[in-house]
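Next comes entry-v3.tsv, a file with TSV, C-alpha atoms and all ligand atoms.
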chain	number	residue	atom	x	y	z
A	43	MET	CA	13.71	17.09	9.00
A	44	VAL	CA	16.18	18.35	6.44
A	45	GLU	CA	19.13	20.32	7.80
A	46	ARG	CA	20.61	23.09	5.71
A	47	VAL	CA	24.15	24.47	6.01
A	48	GLU	CA	25.77	27.27	4.01
A	49	ILE	CA	29.52	27.37	3.48
A	50	GLY	CA	30.70	30.21	1.30
A	51	ASP	CA	28.66	29.95	-1.90
A	52	ALA	CA	27.72	26.32	-1.23
A	53	VAL	CA	24.39	25.18	0.21
A	54	LEU	CA	24.39	21.69	1.69
A	55	PHE	CA	21.36	19.67	2.78
A	56	CYS	CA	21.48	16.71	5.13
A	57	GLY	CA	18.45	14.66	4.17
A	58	ASP	CA	16.74	12.81	1.36
A	59	CYS	CA	17.32	14.59	-1.95
A	60	ARG	CA	13.80	13.61	-3.02
A	61	ASP	CA	12.49	16.00	-0.35
A	62	VAL	CA	14.93	18.78	-1.27
A	63	LEU	CA	14.72	18.70	-5.09
A	64	PRO	CA	11.19	20.13	-5.40
A	65	THR	CA	12.27	23.16	-3.34
A	66	LEU	CA	15.18	24.13	-5.60
A	67	THR	CA	15.19	26.45	-8.59
A	68	GLY	CA	18.06	27.92	-10.58
A	69	VAL	CA	20.08	24.72	-10.89
A	70	ASP	CA	22.11	24.80	-14.13
A	71	ALA	CA	23.63	21.33	-13.99
A	72	VAL	CA	23.40	18.04	-12.11
A	73	VAL	CA	26.75	16.33	-11.61
A	74	SER	CA	26.39	13.22	-9.49
A	75	ASP	CA	27.55	9.75	-8.59
A	76	PRO	CA	24.31	8.21	-7.32
A	77	PRO	CA	23.84	4.80	-5.69
A	78	TYR	CA	23.68	2.62	-8.83
A	79	GLY	CA	21.51	-0.17	-7.47
A	80	ILE	CA	24.43	-2.57	-7.82
A	81	ALA	CA	23.62	-4.38	-4.58
A	82	PHE	CA	20.07	-4.75	-5.87
A	83	ARG	CA	21.20	-6.25	-9.19
A	84	HIS	CA	23.66	-8.53	-7.44
A	85	SER	CA	21.02	-9.88	-5.09
A	86	GLY	CA	20.11	-12.16	-8.01
A	87	LYS	CA	16.50	-12.33	-6.90
A	88	GLY	CA	15.02	-9.41	-8.81
A	89	ALA	CA	14.20	-7.67	-5.55
A	90	ALA	CA	16.16	-5.93	-2.86
A	91	VAL	CA	17.39	-8.25	-0.15
A	92	ALA	CA	18.03	-6.79	3.27
A	93	GLY	CA	21.29	-7.49	5.05
A	94	ALA	CA	24.95	-7.96	4.22
A	95	LYS	CA	24.38	-10.54	1.46
A	96	SER	CA	22.66	-7.96	-0.73
A	97	VAL	CA	25.64	-5.59	-0.53
A	98	ARG	CA	28.52	-7.44	-2.16
A	99	ARG	CA	30.44	-4.59	-3.66
A	100	HIS	CA	31.28	-2.67	-0.51
A	101	ALA	CA	32.20	-3.67	3.01
A	102	VAL	CA	30.11	-0.67	4.10
A	103	SER	CA	26.58	-0.49	2.73
A	104	ILE	CA	25.55	2.65	0.86
A	105	ALA	CA	22.10	4.17	1.28
A	106	GLY	CA	19.95	3.50	-1.77
A	107	ASP	CA	22.29	0.89	-3.27
A	108	ALA	CA	19.89	-1.98	-2.58
A	109	GLU	CA	17.22	-0.67	-4.92
A	110	PRO	CA	17.27	0.17	-8.64
A	111	PHE	CA	18.25	3.77	-9.36
A	112	ASP	CA	15.70	5.93	-11.18
A	113	PRO	CA	17.36	8.84	-13.05
A	114	THR	CA	14.02	10.33	-14.21
A	115	PRO	CA	14.02	13.38	-11.87
A	116	PHE	CA	17.47	14.43	-13.08
A	117	ILE	CA	17.31	14.10	-16.85
A	118	GLU	CA	15.14	17.23	-17.20
A	119	TYR	CA	17.95	19.55	-16.02
A	120	PRO	CA	19.73	21.53	-18.80
A	121	ALA	CA	23.10	19.82	-18.24
A	122	VAL	CA	23.68	16.46	-16.59
A	123	VAL	CA	26.62	14.19	-15.72
A	124	LEU	CA	25.49	10.94	-14.07
A	125	PHE	CA	28.06	8.34	-13.07
A	126	GLY	CA	27.21	4.64	-13.07
A	127	ALA	CA	24.74	5.23	-15.88
A	128	ASN	CA	25.75	2.01	-17.66
A	129	HIS	CA	23.89	0.29	-14.78
A	130	PHE	CA	20.64	2.14	-15.52
A	131	ALA	CA	21.08	2.96	-19.23
A	132	HIS	CA	17.70	1.38	-20.05
A	133	ARG	CA	16.07	4.22	-18.08
A	134	LEU	CA	17.89	7.00	-19.98
A	135	PRO	CA	16.95	8.71	-23.26
A	136	PRO	CA	18.90	7.39	-26.27
A	137	SER	CA	20.37	10.84	-26.93
A	138	GLY	CA	23.26	12.18	-24.87
A	139	GLY	CA	26.96	11.63	-24.56
A	140	TRP	CA	29.29	9.65	-22.35
A	141	LEU	CA	32.29	10.53	-20.22
A	142	VAL	CA	34.63	7.62	-19.58
A	143	TRP	CA	37.09	7.54	-16.70
A	144	ASP	CA	39.98	5.14	-17.40
A	145	LYS	CA	41.12	4.43	-13.86
A	146	ARG	CA	43.83	1.93	-14.78
A	147	ASP	CA	45.72	4.26	-17.14
A	148	GLY	CA	47.80	1.39	-18.56
A	149	MET	CA	48.04	-0.75	-15.44
A	150	ALA	CA	46.96	-4.40	-15.65
A	151	SER	CA	43.30	-5.17	-15.04
A	152	ASN	CA	42.16	-6.73	-11.80
A	153	SER	CA	38.78	-7.95	-10.56
A	154	PHE	CA	37.45	-4.37	-10.46
A	155	SER	CA	36.33	-2.38	-13.50
A	156	ASP	CA	38.95	-0.70	-15.67
A	157	CYS	CA	36.73	2.30	-16.20
A	158	GLU	CA	33.62	4.07	-15.04
A	159	MET	CA	31.09	5.75	-17.27
A	160	ALA	CA	28.92	8.82	-16.88
A	161	TRP	CA	25.94	9.64	-19.09
A	162	THR	CA	25.77	13.28	-20.10
A	163	LYS	CA	23.21	15.75	-21.37
A	164	GLY	CA	23.99	19.22	-22.64
A	165	VAL	CA	27.73	18.68	-22.99
A	166	GLY	CA	27.85	17.32	-26.56
A	167	ASN	CA	27.31	13.83	-27.90
A	168	ALA	CA	30.95	12.81	-28.35
A	169	ALA	CA	32.34	10.26	-25.89
A	170	ARG	CA	35.25	11.76	-23.93
A	171	LEU	CA	38.02	9.93	-22.09
A	172	PHE	CA	39.82	10.92	-18.88
A	173	ARG	CA	42.83	8.86	-17.80
A	174	TYR	CA	43.54	9.04	-14.09
A	175	LEU	CA	45.08	6.18	-12.14
A	176	TRP	CA	43.05	5.24	-9.04
A	177	ASN	CA	43.86	1.76	-7.87
A	178	GLY	CA	44.39	1.32	-4.14
A	179	VAL	CA	47.73	2.92	-3.21
A	180	CYS	CA	48.50	3.57	-6.89
A	181	GLN	CA	46.97	6.98	-7.43
A	182	ALA	CA	47.76	9.71	-9.92
A	183	GLY	CA	47.21	12.34	-7.23
A	184	GLU	CA	45.61	13.12	-3.87
A	185	LYS	CA	48.17	10.81	-2.26
A	186	GLY	CA	48.18	10.90	1.52
A	187	ASN	CA	44.60	12.21	1.62
A	188	LYS	CA	42.30	10.14	3.78
A	189	ARG	CA	39.67	8.15	1.92
A	190	HIS	CA	36.33	9.10	3.41
A	191	HIS	CA	33.79	7.14	1.37
A	192	PRO	CA	33.77	3.64	-0.16
A	193	THR	CA	32.99	5.03	-3.62
A	194	GLN	CA	34.88	8.31	-3.30
A	195	LYS	CA	35.80	9.85	-6.65
A	196	PRO	CA	39.05	11.74	-7.34
A	197	ILE	CA	38.69	15.52	-7.15
A	198	ALA	CA	40.58	15.81	-10.45
A	199	LEU	CA	37.97	13.61	-12.16
A	200	MET	CA	35.08	15.74	-10.93
A	201	GLN	CA	36.92	18.93	-11.93
A	202	TRP	CA	37.33	17.47	-15.41
A	203	CYS	CA	33.60	16.64	-15.53
A	204	ILE	CA	32.72	20.19	-14.50
A	205	SER	CA	35.09	21.55	-17.14
A	206	GLN	CA	32.97	19.73	-19.77
A	207	LEU	CA	29.85	21.68	-18.78
A	208	PRO	CA	28.75	24.83	-20.60
A	209	MET	CA	30.47	27.94	-19.24
A	210	ASN	CA	27.11	29.37	-18.13
A	211	ALA	CA	26.41	26.39	-15.85
A	212	SER	CA	27.19	28.30	-12.70
A	213	VAL	CA	25.02	26.46	-10.16
A	214	ILE	CA	25.84	22.77	-9.86
A	215	LEU	CA	23.74	20.27	-7.91
A	216	ASP	CA	24.96	16.93	-6.58
A	217	PRO	CA	21.91	15.26	-5.02
A	218	TYR	CA	24.00	12.28	-3.82
A	219	MET	CA	27.17	14.05	-2.72
A	220	GLY	CA	28.65	11.42	-0.35
A	221	SER	CA	31.88	12.90	1.03
A	222	GLY	CA	31.42	16.04	-1.08
A	223	THR	CA	33.94	15.48	-3.88
A	224	THR	CA	31.76	17.20	-6.48
A	225	GLY	CA	31.40	20.14	-4.10
A	226	VAL	CA	35.16	20.44	-3.62
A	227	ALA	CA	35.61	20.32	-7.41
A	228	ALA	CA	32.86	22.90	-8.00
A	229	VAL	CA	34.41	25.31	-5.49
A	230	ARG	CA	37.82	24.86	-7.13
A	231	CYS	CA	36.23	25.60	-10.51
A	232	GLY	CA	34.58	28.76	-9.16
A	233	ARG	CA	31.02	27.42	-9.51
A	234	ARG	CA	28.25	27.57	-6.93
A	235	PHE	CA	27.27	24.26	-5.39
A	236	ILE	CA	24.19	22.63	-3.90
A	237	GLY	CA	24.67	19.20	-2.33
A	238	CYS	CA	22.42	16.67	-0.60
A	239	GLU	CA	23.49	13.69	1.48
A	240	ILE	CA	21.23	11.41	3.48
A	241	ASP	CA	23.90	9.86	5.68
A	242	ARG	CA	24.93	12.17	8.53
A	243	ARG	CA	28.52	10.78	8.67
A	244	TYR	CA	29.18	11.62	5.03
A	245	PHE	CA	27.32	14.93	5.26
A	246	ASP	CA	29.63	16.09	8.07
A	247	ILE	CA	32.69	15.00	6.07
A	248	ALA	CA	31.40	16.86	3.00
A	249	CYS	CA	30.92	20.03	5.07
A	250	SER	CA	34.49	19.81	6.39
A	251	ARG	CA	36.03	19.13	2.98
A	252	ILE	CA	34.16	21.99	1.29
A	253	GLU	CA	35.00	24.36	4.14
A	254	ALA	CA	38.68	23.38	3.91
A	255	THR	CA	38.61	24.01	0.16
A	256	TYR	CA	37.34	27.54	0.64
A	257	GLN	CA	40.00	28.13	3.26
A	258	GLN	CA	42.94	27.06	1.10
A	259	ALA	CA	45.13	30.10	0.85
A	260	ASP	CA	46.06	29.55	-2.78
A	261	LEU	CA	42.47	29.88	-3.95
A	262	PHE	CA	41.43	33.42	-4.77
A	263	MET	CA	37.78	33.34	-4.02
A	264	SER	CA	35.13	34.98	-1.93
A	265	PRO	CA	33.01	34.97	0.16
A	266	PRO	CA	34.73	33.55	3.26
A	267	ALA	CA	34.08	29.98	4.25
A	268	SER	CA	32.26	30.49	7.52
A	269	ARG	CA	29.71	27.78	8.16
A	270	THR	CA	26.12	28.78	8.91
A	271	ALA	CA	23.64	26.25	10.17
A	272	CYS	CA	20.10	27.02	9.00
A	273	PRO	CA	17.74	24.74	10.90
A	274	GLY	CA	14.73	25.39	8.64
A	275	LEU	CA	14.83	24.33	5.00
A	276	PHE	CA	13.90	27.74	3.70
A	277	ASP	CA	15.74	30.02	6.13
A	278	ALA	CA	18.28	32.55	4.89
A	279	PRO	CA	18.69	31.05	1.42
A	280	ALA	CA	21.78	31.88	-0.61
A	281	ILE	CA	20.36	30.01	-3.57
A	282	GLN	CA	16.79	30.46	-4.64
A	283	THR	CA	14.25	27.84	-3.69
A	284	ALA	CA	10.81	27.40	-5.17
A	285	ALA	CA	9.25	28.60	-1.92
A	286	GLU	CA	10.64	32.13	-2.39
B	301	LIG	C1	27.99	6.67	-4.70
B	301	LIG	S1	27.92	7.64	-3.24
B	301	LIG	C2	28.67	9.18	-3.70
B	301	LIG	C3	30.13	9.25	-3.36
B	301	LIG	C4	30.76	10.54	-3.80
B	301	LIG	N1	30.93	10.58	-5.23
B	301	LIG	C5	32.11	10.81	-3.11
B	301	LIG	O1	33.11	11.09	-3.80
B	301	LIG	O2	32.17	10.72	-1.89
B	301	LIG	C6	26.22	8.01	-3.17
B	301	LIG	C7	25.77	8.72	-1.90
B	301	LIG	O3	24.37	9.00	-1.99
B	301	LIG	C8	23.81	8.94	-0.69
B	301	LIG	N2	22.36	8.78	-0.85
B	301	LIG	C9	21.68	7.65	-1.15
B	301	LIG	N3	20.36	7.91	-1.25
B	301	LIG	C10	20.21	9.25	-1.02
B	301	LIG	C11	19.09	10.12	-1.02
B	301	LIG	N4	17.84	9.66	-1.27
B	301	LIG	N5	19.29	11.43	-0.78
B	301	LIG	C12	20.54	11.91	-0.53
B	301	LIG	N6	21.63	11.13	-0.51
B	301	LIG	C13	21.48	9.81	-0.77
B	301	LIG	C14	24.52	7.77	-0.03
B	301	LIG	O4	24.50	7.87	1.39
B	301	LIG	C15	25.94	7.89	-0.62
B	301	LIG	O5	26.80	8.56	0.27
Turn the structure described in the file into structure tokens.
Ligand SMILES: C[S@@+](CC[C@H](N)C(=O)[O-])C[C@H]1O[C@@H](n2cnc3c(N)ncnc32)[C@H](O)[C@@H]1O
Amino acid sequence: MVERVEIGDAVLFCGDCRDVLPTLTGVDAVVSDPPYGIAFRHSGKGAAVAGAKSVRRHAVSIAGDAEPFDPTPFIEYPAVVLFGANHFAHRLPPSGGWLVWDKRDGMASNSFSDCEMAWTKGVGNAARLFRYLWNGVCQAGEKGNKRHHPTQKPIALMQWCISQLPMNASVILDPYMGSGTTGVAAVRCGRRFIGCEIDRRYFDIACSRIEATYQQADLFMSPPASRTACPGLFDAPAIQTAAE
């Protein structure tokens, strides 16, 4: 059962994005930070290994991270930004560009990566760099905000990614939205948003963060941020689905 919630112009699905994707039409861009399959690759056995040993990167396991990520369903969209793509580059077309997030911004390296990379389609072939410090308590912004997800991205980073998209990319899909950072960024950028999250805890957090974003008094946007639960997948759609 996939649950659907509408908040302002955003439509959020709690469930497996592979069930939701075939029902969606009108998506202009996919901007996402999927599970990269890092726990799978680190299992060292060429196959997913169940249990804590297979998930070395995070104290908390992430759904889908113990199997290789397949970007195939997403590369057909007109515009795409896919984080972690260096981990599945062999499954991507050779064309496309790259966005690079320098998360040290001059600070010394540590055991974690200095940068993260996103493969792009439809945003030009030049590699672009975004410097934004994000290293434990050393953060360029969003200080004092609770961290909700083990791989939570900065809102500023996702706003920058959205700013790279063509101006006519008005409906943005994040099929792996986690705590909803892409959704918050999309709302701030005045774009419509569709998000999917399989883990109920993160879905609820995403709903709250997106609702709070709509409610921020300094944002001049409509419609109001009231939350509507739509128990059926196809009930009262704000964004067109294939079933309509
Ligand atoms: C790397 S995290 C995204 C974190 C996000 N960028 C943020 O700032 O919070 C990927 C998310 O995809 C979710 N996920 C994994 N498989 C999924 C699936 N088949 N459908 C929907 N969500 C899925 C995981 O539960 C996880 O929260």
Show me the residues close to (42.0, 15.4, -14.6) - anything with an atom within 8 Å, counting all atoms listed in the file - and format the list as a PDB file with C-alpha atoms, keeping the file's coordinate frame.
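Final output, point-v2.pdb:
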ATOM      1  CA  PHE A 172      39.820  10.920 -18.880  1.00  0.00           C
ATOM      2  CA  ARG A 173      42.830   8.860 -17.800  1.00  0.00           C
ATOM      3  CA  TYR A 174      43.540   9.040 -14.090  1.00  0.00           C
ATOM      4  CA  ALA A 198      40.580  15.810 -10.450  1.00  0.00           C
ATOM      5  CA  LEU A 199      37.970  13.610 -12.160  1.00  0.00           C
ATOM      6  CA  MET A 200      35.080  15.740 -10.930  1.00  0.00           C
ATOM      7  CA  GLN A 201      36.920  18.930 -11.930  1.00  0.00           C
ATOM      8  CA  TRP A 202      37.330  17.470 -15.410  1.00  0.00           C
TER       9      TRP A 202
END
Within 7 Å of A:Ala248 using only C-alpha atoms, minus same-chain residues under 2 positions, as a PDB file with C-alpha atoms, in the frame of the given file:
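The new file around.pdb reads:
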ATOM      1  CA  GLY A 220      28.650  11.420  -0.350  1.00  0.00           C
ATOM      2  CA  SER A 221      31.880  12.900   1.030  1.00  0.00           C
ATOM      3  CA  GLY A 222      31.420  16.040  -1.080  1.00  0.00           C
ATOM      4  CA  TYR A 244      29.180  11.620   5.030  1.00  0.00           C
ATOM      5  CA  PHE A 245      27.320  14.930   5.260  1.00  0.00           C
ATOM      6  CA  ASP A 246      29.630  16.090   8.070  1.00  0.00           C
ATOM      7  CA  SER A 250      34.490  19.810   6.390  1.00  0.00           C
ATOM      8  CA  ARG A 251      36.030  19.130   2.980  1.00  0.00           C
ATOM      9  CA  ILE A 252      34.160  21.990   1.290  1.00  0.00           C
TER      10      ILE A 252
END
Next on the checklist: If I take atom CA of A:Gln257 and atom CA of A:Val72, how far is one from the other in Å, to one decimal?
Outcome noted: 24.8 Å
Please extract the residues at most 7 Å from ligand LIG 301 (chain B), counting all atoms listed in the file, and provide them as a PDB file with C-alpha atoms, keeping the file's coordinate frame, using the chain letters and residue numbers of this document.
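Result file is selection-v3.pdb:
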ATOM      1  CA  GLY A  57      18.450  14.660   4.170  1.00  0.00           C
ATOM      2  CA  ASP A  58      16.740  12.810   1.360  1.00  0.00           C
ATOM      3  CA  CYS A  59      17.320  14.590  -1.950  1.00  0.00           C
ATOM      4  CA  ARG A  60      13.800  13.610  -3.020  1.00  0.00           C
ATOM      5  CA  SER A  74      26.390  13.220  -9.490  1.00  0.00           C
ATOM      6  CA  ASP A  75      27.550   9.750  -8.590  1.00  0.00           C
ATOM      7  CA  PRO A  76      24.310   8.210  -7.320  1.00  0.00           C
ATOM      8  CA  PRO A  77      23.840   4.800  -5.690  1.00  0.00           C
ATOM      9  CA  ILE A 104      25.550   2.650   0.860  1.00  0.00           C
ATOM     10  CA  ALA A 105      22.100   4.170   1.280  1.00  0.00           C
ATOM     11  CA  GLY A 106      19.950   3.500  -1.770  1.00  0.00           C
ATOM     12  CA  HIS A 190      36.330   9.100   3.410  1.00  0.00           C
ATOM     13  CA  HIS A 191      33.790   7.140   1.370  1.00  0.00           C
ATOM     14  CA  THR A 193      32.990   5.030  -3.620  1.00  0.00           C
ATOM     15  CA  GLN A 194      34.880   8.310  -3.300  1.00  0.00           C
ATOM     16  CA  LYS A 195      35.800   9.850  -6.650  1.00  0.00           C
ATOM     17  CA  PRO A 196      39.050  11.740  -7.340  1.00  0.00           C
ATOM     18  CA  PRO A 217      21.910  15.260  -5.020  1.00  0.00           C
ATOM     19  CA  TYR A 218      24.000  12.280  -3.820  1.00  0.00           C
ATOM     20  CA  MET A 219      27.170  14.050  -2.720  1.00  0.00           C
ATOM     21  CA  GLY A 220      28.650  11.420  -0.350  1.00  0.00           C
ATOM     22  CA  SER A 221      31.880  12.900   1.030  1.00  0.00           C
ATOM     23  CA  GLY A 222      31.420  16.040  -1.080  1.00  0.00           C
ATOM     24  CA  THR A 223      33.940  15.480  -3.880  1.00  0.00           C
ATOM     25  CA  THR A 224      31.760  17.200  -6.480  1.00  0.00           C
ATOM     26  CA  CYS A 238      22.420  16.670  -0.600  1.00  0.00           C
ATOM     27  CA  GLU A 239      23.490  13.690   1.480  1.00  0.00           C
ATOM     28  CA  ILE A 240      21.230  11.410   3.480  1.00  0.00           C
ATOM     29  CA  ASP A 241      23.900   9.860   5.680  1.00  0.00           C
ATOM     30  CA  TYR A 244      29.180  11.620   5.030  1.00  0.00           C
TER      31      TYR A 244
END
Item to check | Separation of atom CA of A:Trp143 from atom CA of A:Glu253 in Å | outcome: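 Those two atoms sit 26.9 Å apart.
In this structure, atom CA of A:Ile197 sits 17.9 Å away from atom CA of A:Leu54.
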